[in-house]
Structure formats: C-alpha cells, structure tokens
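> Here's a structure for you.
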Amino acid sequence: MGTASGDDDRHHGVAERVNLSARRPFTEALRSGLSETFFPDDPFRGFGALPPRERAWGALKYFVPALEWAPHYSLDKLKYDLLAGITIASLAIPQGISYARLANLPPIIGLYSSFVPPLLYAVFGSSNNLAVGTVAAASLMLASIIEDEVLPEDDPERYLQLFYTSAFFTGIFQTALGVFRLGLIVDFLSRSTITGFMGGTAMIIIMQQLKGLLGMKHFTPKTDLISVVGSIFHYRDEWKWQSAVLGICFILFLLSSKHLRKKMPNLFWVSAIAPFMVVIIGGVFAFLVKGDEHGIPIVGDLKKGINPISISQLRFDTKNVEIAVKAGLMSGILALAEGIAVGRSLAMIKNEQIDGNKEMIAFGMMNIVGSFTSCYLTTGPFSKSAVNFHAGCKTPMSNVVMSVCILLVLLFLAPLFKYTPLVALSSIIVVAMIGLIKVKEFVHLYKIDKFDFCICMVAFVGVVFFTMVIGLSASVGLSVLRALLYVARPATCKLGSISGTEIFRDTKQYPHAKSVPNILVLQLGSPIYFVNAGYLRERILRWVEDEENICKGHGQDLQYMILDLGGVTSIDNTGIGMLGEVHKGLDRKGIRMALTNPRLEVTEKLVLSGYIKDTIGEESVFMTVKDAITSCRYALQRSASKEGGSQV
C-alpha cells in the first residue's frame with residue numbers, strides 16, 4: 001500500500017502476490033473468447049491427437065450421429081424401439097390430421113409431415129427420446145402470419161405454397177444456427193416467455209376449436225380472443241347440437257384416459273392410443289349415421305400415396321418471399337425452443353447428453369427436405385416425445401418405426417380416415433392444449449420472481465388479446481430489457497467479516513458480519529463496461545460517503561477502500577477510466593484504494609493501460625480481501641507509530 005514493502009507483507013502473512021506479468025497474445029485471447037462463445041462444450045476436444053483419417057471420421061460422426069449408434073444396434077434395442085414407434089404412430093395419425101386442420105391445410109399434409117421428417121431426424125438427431133412431428137403452436141403461428149397475406153379459401157394453392165416456402169426458410173435458418181454454433185439466439189426465449197406464450201396459445205387454440213365442436217362452417221381468421229368470441233356468436237345460427245354432444249363425449253373420454261395414466265402410470269399406453277381410438281370410433285359412428293348429413297362435418301377425401309415432390313411449389317418471388325421468411329423465422333425459433341427444451345428435459349431423466357447445435361442441424365435438415373416433399377414445419381413436440389420416452393425407446397430408431405407405420409397408412413389406409421368427424425379432431429386438440437396452460441407454474445413464478453411473472457403474463461396476454469407475434473415479441477423484448485438492466489445497473493455490496501473465520505460476506509445478507517474499522521470493502525459482481533461505468537462510479541462514491549459518515553459517528557476516519565474484483569469478468573477502456581476517476585476522488589479525500597483478486601482478462605488491460613503502474617501501484621493489488629486488510633492494518637499501525645514517535 002505504498003507504506004508496506006514486499007518483505008513487510010511476507011512478514012505479516014501475505015505470502016502470494018497477484019501475477020501481473022501474465023500475458024496472452026491477441027490471437028490466443030481472441031481464439032479463447034470465440035471458443036467459449038461458440039464451442040462451450042468443446043465437441044472436437046481430443047481430435048488433434050488423432051490421425052487425419054480418424055479425425056475426419058470423428059467429424060463425420062459428429063454431424064451424423066446415426067453413425068455412432070447404428071453400428072452397435074441390437075435386436076434387444078429393436079424390441080423396445082418397435083413398441084415405442086408403433087405407440088407414437090398411433091398418436092401421430094390423429095395429431096397430424098388435427099394440426100394440419102388447425103393450420104387450415106389439407107389433412108393429408110399432416111400425415112406427409114409425419115413420414116419424411118422423422119427419417120431425417122433418425123440420421124441427424126442426437127436425442128434418443130425425441131419423437132418428431134407437427135406442433136399446435138407453430139401450426140397456428142404459421143397460419144396467423146400467412147393469413148395476413150392470403151386466405152386459404154381465396155387462394156388455397158398459394159396458401160399451401162407459402163407453407164412449403166416458409167418451411168424451407170425455417171430449415172435454412174435452423175441449419176445455419178447449428179453449423180455456425182449460434183444456438184445462444186434461442187436462449188433469448190426464457191422459460192417464463194415460453195410458459196406464457198404456450199399458455200396463451202393453448203387458450204386461443206381451445207377457443208378456436210369451438211368451430212369444430214359446434215360444427216360451424218365459417219370462422220374468423222384472426223387469433224385474438226375478442227375476434228374469436230365475436231365470431232362464435234356472430235355465426236351462432238350454424239351451431240350443431242349433434243357435434244357439441246359428440247364433442248363432449250370425446251373430451252370426457254380423453255380426459256378420463258389422462259386421469260387413468262396419472263393414477264396408474266403403467267397404463268400410459270391407454271392415453272397414448274386414446275386419440276387414435278377417438279378417430280376410429282368417431283369415423284365408424286359418422287359412417288354409420290351419415291354424420292355429414294346430420295350436423296357432424298367430416299374430414300373428407302384423403303388421397304392414397306406417399307408425399308409428392310413439392311420443390312416446384314416453393315416461391316421465391318418478391319410477392320411471396322417476405323411473408324415466407326417472416327413466418328419461417330418466427331415459427332423456426334419457436335420450434336427450436338420447444339424441441340431442444342423437450343430433448344434436454346427427457347435426456348436429464350436418463351442422465352444422457354444432447355447437443356443443442358446438432359439438434360438445430362437435424363431440425364433444419366428435416367424442414368429443408370420436408371419443404372421438398374409436401375411437408376410443413378416439424379419439430380419435437382412434448383406430448384409425442386413423452387409418449388416415446390415412457391414407451392421405453394432406446395434410440396432414434398423409434399422415429400423410423402413411426403415413419404414406416406405412417407407409410408403403410410399413406411399407401412393403404414388413408415382413404416379410410418375420410419369419415420373422421422371434425423369434432424373428433426377438435427376434441428383431441430382441446431385436451432392436448434389443456435395441459436399447456438400451466439396455472440401452477442404461473443403461481444410459482446409469482447411467488448419466486450415477480451419480474452419473471454410479468455414477462456410470462458406479457459406473453460400470455462399479448463397472445464390472447466392481440467396476436468401471437470406481438471405476445472412473443474413483447475415478452476422477449478421485456479426479457480432483453482431486464483438483461484440490459486442487469487448489465488447497466490449491476491449489483492454492488494459492502495463486505496464484512498464473519499466472526500471466527502477469514503470469510504467476508506455481504507452485510508445485508510449477513511447482518512452479523514462486522515465492518516473493518518477505517519476500511520471499506522466493496523464487491524463488484526459484473527463486467528465493467530461503458531454502459532455501467534458511470535453508475536458504478538456514482539455507487540462506489542456513495543458507498544464511500546456513507547461509510548465516512550459511519551466512521552465519523554464512531555470518532556474515526558475512513559482511510560482505505562478495497563474493491564473485490566473477483567466477479568468482474570472483463571473491463572473496457574471506459575471502465576478503466578472510471579477506476580482512475582474513483583482513485584482521484586478518493587485521493588482528494590485522503591483515502592487510499594486497493595484491488596483484490598482481479599481476473600486475467602482484467603489484469604491484462606489494467607497493466608497495459610498503465611493503471612496499475614502509474615495510478616494505483618503494484619503494491620495495492622492483492623490475491624484476497626484478507627491479504628489486503630492485513631496490509632492495510634499494518635500500514636495503519638506503522639502510520640500510528642510514526643505519528644506517536646514524532647509527537648515524542
């Protein structure tokens with residue numbers, strides 16, 4: 001501290017000094033920063049020691065995970081995957097038809113989208129538990145965005161082409177995120193945002209299904225609550241009591257199967273095949289009573305045959321590309337967030353690892369190839385993946401089994417589903433959506449974090465009363481604003497010593513922690529940038545002023561301020577200037593300043609800027625708070641001894 005030499009420090013127990021000579025070349029620092037940003041999992045570690053051929057094979061296996069598990073695949077695993085694949089196929093058929101109807105697409109498109117994409121995921125996907133298919137939220141979002149440009153009843157061909165084109169752009173976007181390791185973009189969709197968005201979307205979807213439940217033919221293309229409710233009562237002369245009664249019966253049956261699964265988990269397969277049973281029973285009933293003539297509308301003709309090639313239907317002209325890109329990007333981010341979250345949550349239960357960037361590449365390849373083969377957006381839906389998990393799947397081969405089942409349906413059984421009542425599909429969607437309104441999660445958020453609750457409610461209210469895009473954008477914007485506030489207004493705290501230990505902790509969290517006489521210890525817990533430098537300067541000087549008043553009340557003077565920089569991960573030029581200004585302000589008051597535990601990234605810049613050598617001095621930088629306080633106390637004792645000697 002200027003008054004205590006290195007020998008004095010060692011004599012008084014300060015054994016180690018901060019290494020101020022450590023340097024990293026710029027290229028190494030840049031490579032390290034980029035590596036931590038884009039390759040936090042370091043997927044290619046250990047590759048450098050391998051021969052070129054093995055290195056190339058390892059890289060290929062990284063991008064094509066099927067090469068990892070396929071060579072070791074056994075008949076024992078096939079038994080489990082076969083059961084799981086058949087089970088999820090029974091769910092994929094009604095869900096595929098239902099969600100295609102939700103998007104106002106021909107029902108057969110839903111079956112097409114359950115055939116090709118799962119095959120691609122089995123090759124490129126890294127999750128053993130994920131089951132691929134269409135999802136309700138993305139289906140409705142795509143419909144709401146594309147219907148702003150064209151309505152399906154006005155130009156059904158162009159409407160369908162925009163779905164294919166948006167799926168293509170979704171695939172390009174997702175693949176690019178995975179290849180360039182930009183998965184951090186998806187992290188801007190916080191759990192609170194997803195909870196509120198999915199809850200609001202589920203609410204709107206349930207309301208929209210009243211069209212099918214009441215047997216109505218006309219309905220609003222808008223998704224907000226007021227428009228939906230207004231449309232229901234505007235066309236009340238179209239209500240069909242026959243559909244309503246049948247719908248209530250189907251809903252009660254589906255809810256009973258879910259209740260049975262909760263009471264008897266071993267009977268999970270009952271709830272898994274319940275939607276398929278609703279389709280079969282409803283189809284038979286509608287056929288026997290000629291439902292379409294008695295107030296029970298049916299799906300209509302479904303063509304036999306596998307997916308037709310749709311490359312020629314992609315539209316990249318100015319008239320279509322803008323809306324397709326918007327729909328593709330918005331729904332693509334949502335689909336990624338859901339698919340990766342589902343994959344990770346199921347992998348954690350089995351103590352497995354999945355690679356988010358591999359998943360993005362897999363989803364991207366699914367949607368690119370899907371757009372060429374008459375499919376619209378697909379991802380990993382929670383309901384189907386949960387069934388796949390509980391059915392005992394071992395590898396992504398369960399998706400292949402599901403695809404084979406769908407293939408058989410497309411080739412031989414598709415026309416049989418023409419009698420499926422629309423009310424049956426609406427009932428399946430309603431029951432599936434009820435589980436997405438997580439009231440307990442809302443209450444939990446309110447108890448734990450009011451700001452997170454606000455973020456959740458902004459998404460929920462925005463979706464319900466405005467549009468899905470507005471709700472999602474507003475919630476993400478509020479989340480980003482919160483993150484920026486954390487950066488611009490970082491936390492600082494005063495540290496005190498815990499009696500009987502060498503530990504220093506926040507005096508607000510630990511009121512019994514004692515302040516050190518004549519010494520103020522502050523802790524900074526965030527990077528110091530131009531955005532927060534001014535705030536930190538004012539906050540530090542305010543801490544000093546408050547501590548001076550406390551010291552004066554005890555007849556003492558504040559003589560030292562110690563800044564604990566252990567939590568400061570980086571600093572820019574403005575931040576260094578701020579520390580210089582603080583030092584000058586303290587110097588005018590006769591208060592000395594010390595730093596403790598600066599990280600390598602911070603130390604490099606403080607040394608290169610001359611701050612340590614020319615401003616604060618190397619003797620004022622310490623490894624720990626204890627070392628700094630020991631040195632400060634020794635300097636105070638020496639100063640008191642000199643004053644006493646001069647008085648004598």
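Going by the structure tokens order, chains are called A, B, ..., each with residues numbered from 1, while ligands are numbered from 1 in the order shown.
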Write out as a list in words each polymer residue whose atoms come within 7 Å of Asn532 of chain A, counting only C-alpha atoms; drop sequence neighbours fewer than 6 positions from it.

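Counting only the stated atoms, we get Val487, Ala488 and Arg489 of chain A.
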
> Find the residues near His259 of chain A: any atom within 12 Å, counting only C-alpha atoms, skip ones fewer than 3 places away on the same chain, and give them as a VMD selection string.

chain A and resid 252 to 256 262 to 265 267 to 268 270 to 271 274 431 435

> Counting only C-alpha atoms, which of A:Arg482, A:Lys626, A:Arg31, A:Arg101 gets nearest to Arg505 of chain A?

A:Lys626

> For Ile280 of chain A, please output as a PyMOL selection string all residues within 10 Å (counting only C-alpha atoms; exclusion window: fewer than 5 positions along the same chain).

chain A and resi 94+274-275+285-286+416-417+419-421+424

> Selection from above, all heavy atoms, as a PDB file, in the first residue's frame, can you write it?


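File produced: selection_36.pdb:
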```pdb
ATOM      1  N   PRO A  94     -53.733 -39.075 -35.577  1.00  0.00           N
ATOM      2  CA  PRO A  94     -54.739 -38.052 -35.249  1.00  0.00           C
ATOM      3  C   PRO A  94     -54.138 -36.666 -35.054  1.00  0.00           C
ATOM      4  O   PRO A  94     -54.741 -35.666 -35.441  1.00  0.00           O
ATOM      5  CB  PRO A  94     -55.374 -38.579 -33.949  1.00  0.00           C
ATOM      6  CG  PRO A  94     -54.365 -39.514 -33.369  1.00  0.00           C
ATOM      7  CD  PRO A  94     -53.664 -40.119 -34.530  1.00  0.00           C
ATOM      8  N   ALA A 274     -55.520 -43.290 -26.976  1.00  0.00           N
ATOM      9  CA  ALA A 274     -56.878 -42.747 -26.849  1.00  0.00           C
ATOM     10  C   ALA A 274     -57.244 -41.826 -28.017  1.00  0.00           C
ATOM     11  O   ALA A 274     -58.359 -41.938 -28.559  1.00  0.00           O
ATOM     12  CB  ALA A 274     -57.034 -42.021 -25.514  1.00  0.00           C
ATOM     13  N   PRO A 275     -56.360 -40.895 -28.462  1.00  0.00           N
ATOM     14  CA  PRO A 275     -56.723 -40.058 -29.622  1.00  0.00           C
ATOM     15  C   PRO A 275     -57.003 -40.888 -30.871  1.00  0.00           C
ATOM     16  O   PRO A 275     -57.921 -40.565 -31.644  1.00  0.00           O
ATOM     17  CB  PRO A 275     -55.488 -39.163 -29.801  1.00  0.00           C
ATOM     18  CG  PRO A 275     -54.850 -39.110 -28.452  1.00  0.00           C
ATOM     19  CD  PRO A 275     -55.076 -40.469 -27.872  1.00  0.00           C
ATOM     20  N   PHE A 285     -68.731 -44.185 -36.293  1.00  0.00           N
ATOM     21  CA  PHE A 285     -70.027 -43.598 -35.927  1.00  0.00           C
ATOM     22  C   PHE A 285     -70.549 -42.688 -37.045  1.00  0.00           C
ATOM     23  O   PHE A 285     -71.722 -42.766 -37.435  1.00  0.00           O
ATOM     24  CB  PHE A 285     -69.880 -42.813 -34.625  1.00  0.00           C
ATOM     25  CG  PHE A 285     -71.149 -42.164 -34.166  1.00  0.00           C
ATOM     26  CD1 PHE A 285     -72.128 -42.910 -33.524  1.00  0.00           C
ATOM     27  CD2 PHE A 285     -71.386 -40.807 -34.380  1.00  0.00           C
ATOM     28  CE1 PHE A 285     -73.313 -42.315 -33.099  1.00  0.00           C
ATOM     29  CE2 PHE A 285     -72.559 -40.209 -33.961  1.00  0.00           C
ATOM     30  CZ  PHE A 285     -73.526 -40.958 -33.319  1.00  0.00           C
ATOM     31  N   ALA A 286     -69.637 -41.806 -37.565  1.00  0.00           N
ATOM     32  CA  ALA A 286     -70.050 -40.884 -38.626  1.00  0.00           C
ATOM     33  C   ALA A 286     -70.441 -41.636 -39.890  1.00  0.00           C
ATOM     34  O   ALA A 286     -71.371 -41.234 -40.618  1.00  0.00           O
ATOM     35  CB  ALA A 286     -68.920 -39.894 -38.929  1.00  0.00           C
ATOM     36  N   LEU A 416     -59.579 -44.408 -45.603  1.00  0.00           N
ATOM     37  CA  LEU A 416     -60.496 -44.812 -44.532  1.00  0.00           C
ATOM     38  C   LEU A 416     -60.726 -43.689 -43.522  1.00  0.00           C
ATOM     39  O   LEU A 416     -61.721 -43.725 -42.785  1.00  0.00           O
ATOM     40  CB  LEU A 416     -59.952 -46.049 -43.810  1.00  0.00           C
ATOM     41  CG  LEU A 416     -59.783 -47.319 -44.663  1.00  0.00           C
ATOM     42  CD1 LEU A 416     -59.215 -48.444 -43.821  1.00  0.00           C
ATOM     43  CD2 LEU A 416     -61.126 -47.725 -45.281  1.00  0.00           C
ATOM     44  N   PHE A 417     -59.822 -42.719 -43.472  1.00  0.00           N
ATOM     45  CA  PHE A 417     -59.951 -41.637 -42.494  1.00  0.00           C
ATOM     46  C   PHE A 417     -60.833 -40.498 -43.003  1.00  0.00           C
ATOM     47  O   PHE A 417     -60.964 -39.476 -42.336  1.00  0.00           O
ATOM     48  CB  PHE A 417     -58.571 -41.100 -42.117  1.00  0.00           C
ATOM     49  CG  PHE A 417     -57.740 -42.064 -41.321  1.00  0.00           C
ATOM     50  CD1 PHE A 417     -56.793 -42.866 -41.927  1.00  0.00           C
ATOM     51  CD2 PHE A 417     -57.928 -42.191 -39.952  1.00  0.00           C
ATOM     52  CE1 PHE A 417     -56.033 -43.759 -41.203  1.00  0.00           C
ATOM     53  CE2 PHE A 417     -57.176 -43.089 -39.210  1.00  0.00           C
ATOM     54  CZ  PHE A 417     -56.219 -43.882 -39.832  1.00  0.00           C
ATOM     55  N   TYR A 419     -63.956 -40.356 -43.108  1.00  0.00           N
ATOM     56  CA  TYR A 419     -65.150 -40.199 -42.283  1.00  0.00           C
ATOM     57  C   TYR A 419     -64.846 -39.659 -40.875  1.00  0.00           C
ATOM     58  O   TYR A 419     -65.752 -39.542 -40.057  1.00  0.00           O
ATOM     59  CB  TYR A 419     -65.885 -41.539 -42.164  1.00  0.00           C
ATOM     60  CG  TYR A 419     -66.470 -42.014 -43.477  1.00  0.00           C
ATOM     61  CD1 TYR A 419     -65.841 -43.020 -44.208  1.00  0.00           C
ATOM     62  CD2 TYR A 419     -67.632 -41.442 -43.987  1.00  0.00           C
ATOM     63  CE1 TYR A 419     -66.369 -43.455 -45.422  1.00  0.00           C
ATOM     64  CE2 TYR A 419     -68.163 -41.870 -45.202  1.00  0.00           C
ATOM     65  CZ  TYR A 419     -67.520 -42.865 -45.919  1.00  0.00           C
ATOM     66  OH  TYR A 419     -68.042 -43.273 -47.122  1.00  0.00           O
ATOM     67  N   THR A 420     -63.591 -39.349 -40.618  1.00  0.00           N
ATOM     68  CA  THR A 420     -63.245 -38.816 -39.296  1.00  0.00           C
ATOM     69  C   THR A 420     -64.007 -37.518 -39.042  1.00  0.00           C
ATOM     70  O   THR A 420     -63.886 -36.556 -39.810  1.00  0.00           O
ATOM     71  CB  THR A 420     -61.733 -38.526 -39.193  1.00  0.00           C
ATOM     72  OG1 THR A 420     -61.010 -39.732 -39.465  1.00  0.00           O
ATOM     73  CG2 THR A 420     -61.379 -38.008 -37.816  1.00  0.00           C
ATOM     74  N   PRO A 421     -64.799 -37.434 -37.979  1.00  0.00           N
ATOM     75  CA  PRO A 421     -65.539 -36.194 -37.702  1.00  0.00           C
ATOM     76  C   PRO A 421     -64.570 -35.066 -37.311  1.00  0.00           C
ATOM     77  O   PRO A 421     -63.602 -35.285 -36.584  1.00  0.00           O
ATOM     78  CB  PRO A 421     -66.436 -36.566 -36.524  1.00  0.00           C
ATOM     79  CG  PRO A 421     -66.411 -38.051 -36.438  1.00  0.00           C
ATOM     80  CD  PRO A 421     -65.103 -38.488 -37.002  1.00  0.00           C
ATOM     81  N   ALA A 424     -64.099 -34.731 -33.669  1.00  0.00           N
ATOM     82  CA  ALA A 424     -63.131 -35.625 -33.017  1.00  0.00           C
ATOM     83  C   ALA A 424     -61.746 -34.976 -33.004  1.00  0.00           C
ATOM     84  O   ALA A 424     -61.031 -35.029 -31.994  1.00  0.00           O
ATOM     85  CB  ALA A 424     -63.082 -36.970 -33.744  1.00  0.00           C
TER      86      ALA A 424
END
```

> So that each row is one residue of segment 366-460 of chain A with an atom at most 12 Å from segment 324-330 of chain A, can you give its shortest atom pair and the distance in Å to one decimal, using only C-alpha atoms, rows by chain and rising number, as JSON lines?


```
{"residue": "A:Asn367", "atom": "CA", "partner": "A:Gly328", "partner_atom": "CA", "distance": 10.1}
{"residue": "A:Ile368", "atom": "CA", "partner": "A:Gly328", "partner_atom": "CA", "distance": 11.2}
{"residue": "A:Ser371", "atom": "CA", "partner": "A:Gly328", "partner_atom": "CA", "distance": 11.4}
{"residue": "A:Tyr376", "atom": "CA", "partner": "A:Gly328", "partner_atom": "CA", "distance": 10.2}
{"residue": "A:Leu377", "atom": "CA", "partner": "A:Gly328", "partner_atom": "CA", "distance": 8.5}
{"residue": "A:Thr378", "atom": "CA", "partner": "A:Gly328", "partner_atom": "CA", "distance": 11.5}
```

> Quick one: distance from atom CA of Pro106 of chain A to atom CA of Val409 of chain A in Å, one decimal?

16.1 Å

> So that I can check the secondary structure, give me every residue of segment 49-208 of chain A assigned alpha helix (DSSP H) by backbone DSSP, as a PyMOL selection string.

chain A and resi 52-63+66-69+75-102+107-112+116-124+136-146+156-179+191-208

> What are the closest atom pairs, with distances in Å to one decimal, for all residues of segment 487-532 of chain A lying within 10 Å of segment 565-584 of chain A? Consider only C-alpha atoms, order rows by chain and residue number, and present the result as JSON lines.


```
{"residue": "A:Leu522", "atom": "CA", "partner": "A:Leu565", "partner_atom": "CA", "distance": 8.9}
{"residue": "A:Gln523", "atom": "CA", "partner": "A:Leu565", "partner_atom": "CA", "distance": 6.5}
{"residue": "A:Leu524", "atom": "CA", "partner": "A:Leu565", "partner_atom": "CA", "distance": 5.8}
{"residue": "A:Gly525", "atom": "CA", "partner": "A:Gly567", "partner_atom": "CA", "distance": 4.3}
{"residue": "A:Ser526", "atom": "CA", "partner": "A:Val568", "partner_atom": "CA", "distance": 4.8}
{"residue": "A:Pro527", "atom": "CA", "partner": "A:Val568", "partner_atom": "CA", "distance": 4.7}
{"residue": "A:Ile528", "atom": "CA", "partner": "A:Ile571", "partner_atom": "CA", "distance": 4.7}
{"residue": "A:Tyr529", "atom": "CA", "partner": "A:Gly575", "partner_atom": "CA", "distance": 5.4}
{"residue": "A:Phe530", "atom": "CA", "partner": "A:Thr574", "partner_atom": "CA", "distance": 5.1}
{"residue": "A:Val531", "atom": "CA", "partner": "A:Thr574", "partner_atom": "CA", "distance": 8.8}
{"residue": "A:Asn532", "atom": "CA", "partner": "A:Gly575", "partner_atom": "CA", "distance": 8.2}
```

> So that I can see what lies close to Ser98 of chain A, please list as a PyMOL selection string the residues with an atom at most 8 Å from it, counting only C-alpha atoms and leaving out residues fewer than 5 positions away in the same chain.

chain A and resi 107+110+425-426+428-429

> Residues at most 10 Å from Asp148 of chain A, counting only C-alpha atoms, excluding those fewer than 2 positions away in the same chain, as a count of residues only?

9

> Looking at only C-alpha atoms, which of A:Ala138, A:Val464, A:Ile629, A:Ala22 is the one that sits closest to Phe504 of chain A?

A:Ile629

> Could you please determine the separation between atom CA of Gly58 of chain A and atom CA of Lys394 of chain A in Å, to one decimal place?

22.6 Å

> If you count only C-alpha atoms, which residues fall within 8 Å of Lys418 of chain A, apart from same-chain ones fewer than 4 positions away, as a list in words?

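Within the cut-off, the hits are Gly283, Ile298, Val299, Gly300, Asp301, Leu302 and Ala414 of chain A.
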
> Between A:Phe412, A:Lys290, A:Ser374, A:Ala272, single out the one closest to Ser312 of chain A, counting only C-alpha atoms.

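Closest to Ser312 of chain A, using only C-alpha atoms: A:Ser374.
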
> What lies within 6 Å of segment 247-249 of chain A using only C-alpha atoms, ignoring chain neighbours under 3 positions off, as a short mmCIF file (atom, residue, chain, number, x, y, z; two decimals) with all heavy atoms, in the first residue's frame?


```cif
data_model
loop_
_atom_site.label_atom_id
_atom_site.label_comp_id
_atom_site.auth_asym_id
_atom_site.auth_seq_id
_atom_site.Cartn_x
_atom_site.Cartn_y
_atom_site.Cartn_z
N LEU A 213 -66.14 -28.06 -32.58
CA LEU A 213 -67.02 -28.66 -31.57
C LEU A 213 -68.48 -28.32 -31.82
O LEU A 213 -69.38 -29.09 -31.46
CB LEU A 213 -66.60 -28.19 -30.17
CG LEU A 213 -65.26 -28.73 -29.66
CD1 LEU A 213 -64.86 -28.03 -28.38
CD2 LEU A 213 -65.33 -30.24 -29.44
N SER A 243 -72.89 -32.15 -33.08
CA SER A 243 -71.44 -32.06 -32.93
C SER A 243 -71.06 -31.77 -31.48
O SER A 243 -70.09 -32.32 -30.95
CB SER A 243 -70.87 -30.97 -33.84
OG SER A 243 -70.78 -31.41 -35.17
N ALA A 244 -71.80 -30.87 -30.85
CA ALA A 244 -71.50 -30.49 -29.47
C ALA A 244 -71.59 -31.69 -28.53
O ALA A 244 -70.70 -31.91 -27.69
CB ALA A 244 -72.44 -29.37 -29.02
N LEU A 252 -64.56 -36.01 -22.66
CA LEU A 252 -64.62 -36.75 -21.39
C LEU A 252 -63.83 -38.05 -21.48
O LEU A 252 -63.13 -38.43 -20.52
CB LEU A 252 -66.08 -37.03 -21.03
CG LEU A 252 -66.93 -35.82 -20.62
CD1 LEU A 252 -68.39 -36.22 -20.41
CD2 LEU A 252 -66.36 -35.16 -19.36
N VAL A 423 -65.24 -32.83 -35.31
CA VAL A 423 -65.39 -32.65 -33.87
C VAL A 423 -64.43 -33.56 -33.11
O VAL A 423 -63.96 -33.22 -32.02
CB VAL A 423 -66.85 -32.90 -33.44
CG1 VAL A 423 -67.25 -34.35 -33.64
CG2 VAL A 423 -67.06 -32.49 -31.99
N SER A 427 -61.70 -32.19 -30.47
CA SER A 427 -61.64 -32.73 -29.10
C SER A 427 -60.21 -33.13 -28.75
O SER A 427 -59.74 -32.87 -27.63
CB SER A 427 -62.56 -33.93 -28.97
OG SER A 427 -63.89 -33.59 -29.28
#
```

> When you count only C-alpha atoms, which of these residues is closest to Pro297 of chain A: A:Ser479, A:Gln242, A:Ser403, A:Ser310?

A:Gln242

> From the options A:Ser499, A:Ser475, A:Asn351, A:Thr379, which residue's atoms come nearest to Phe363 of chain A, counting only C-alpha atoms?

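Of A:Ser499, A:Ser475, A:Asn351, A:Thr379, the one nearest Phe363 of chain A is A:Thr379, counting only C-alpha atoms.
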
> Got a sec to tell me which of segment 525-620 of chain A DSSP assigns to strand (DSSP E or B), as a list of chain:residue names?

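Of segment 525-620 of chain A, the ones in strand (DSSP E or B) are A:Ile528, A:Tyr560, A:Met561, A:Ile562, A:Leu563, A:Asp564, A:Ile571, A:Arg592, A:Met593, A:Ala594, A:Leu595, A:Thr596.
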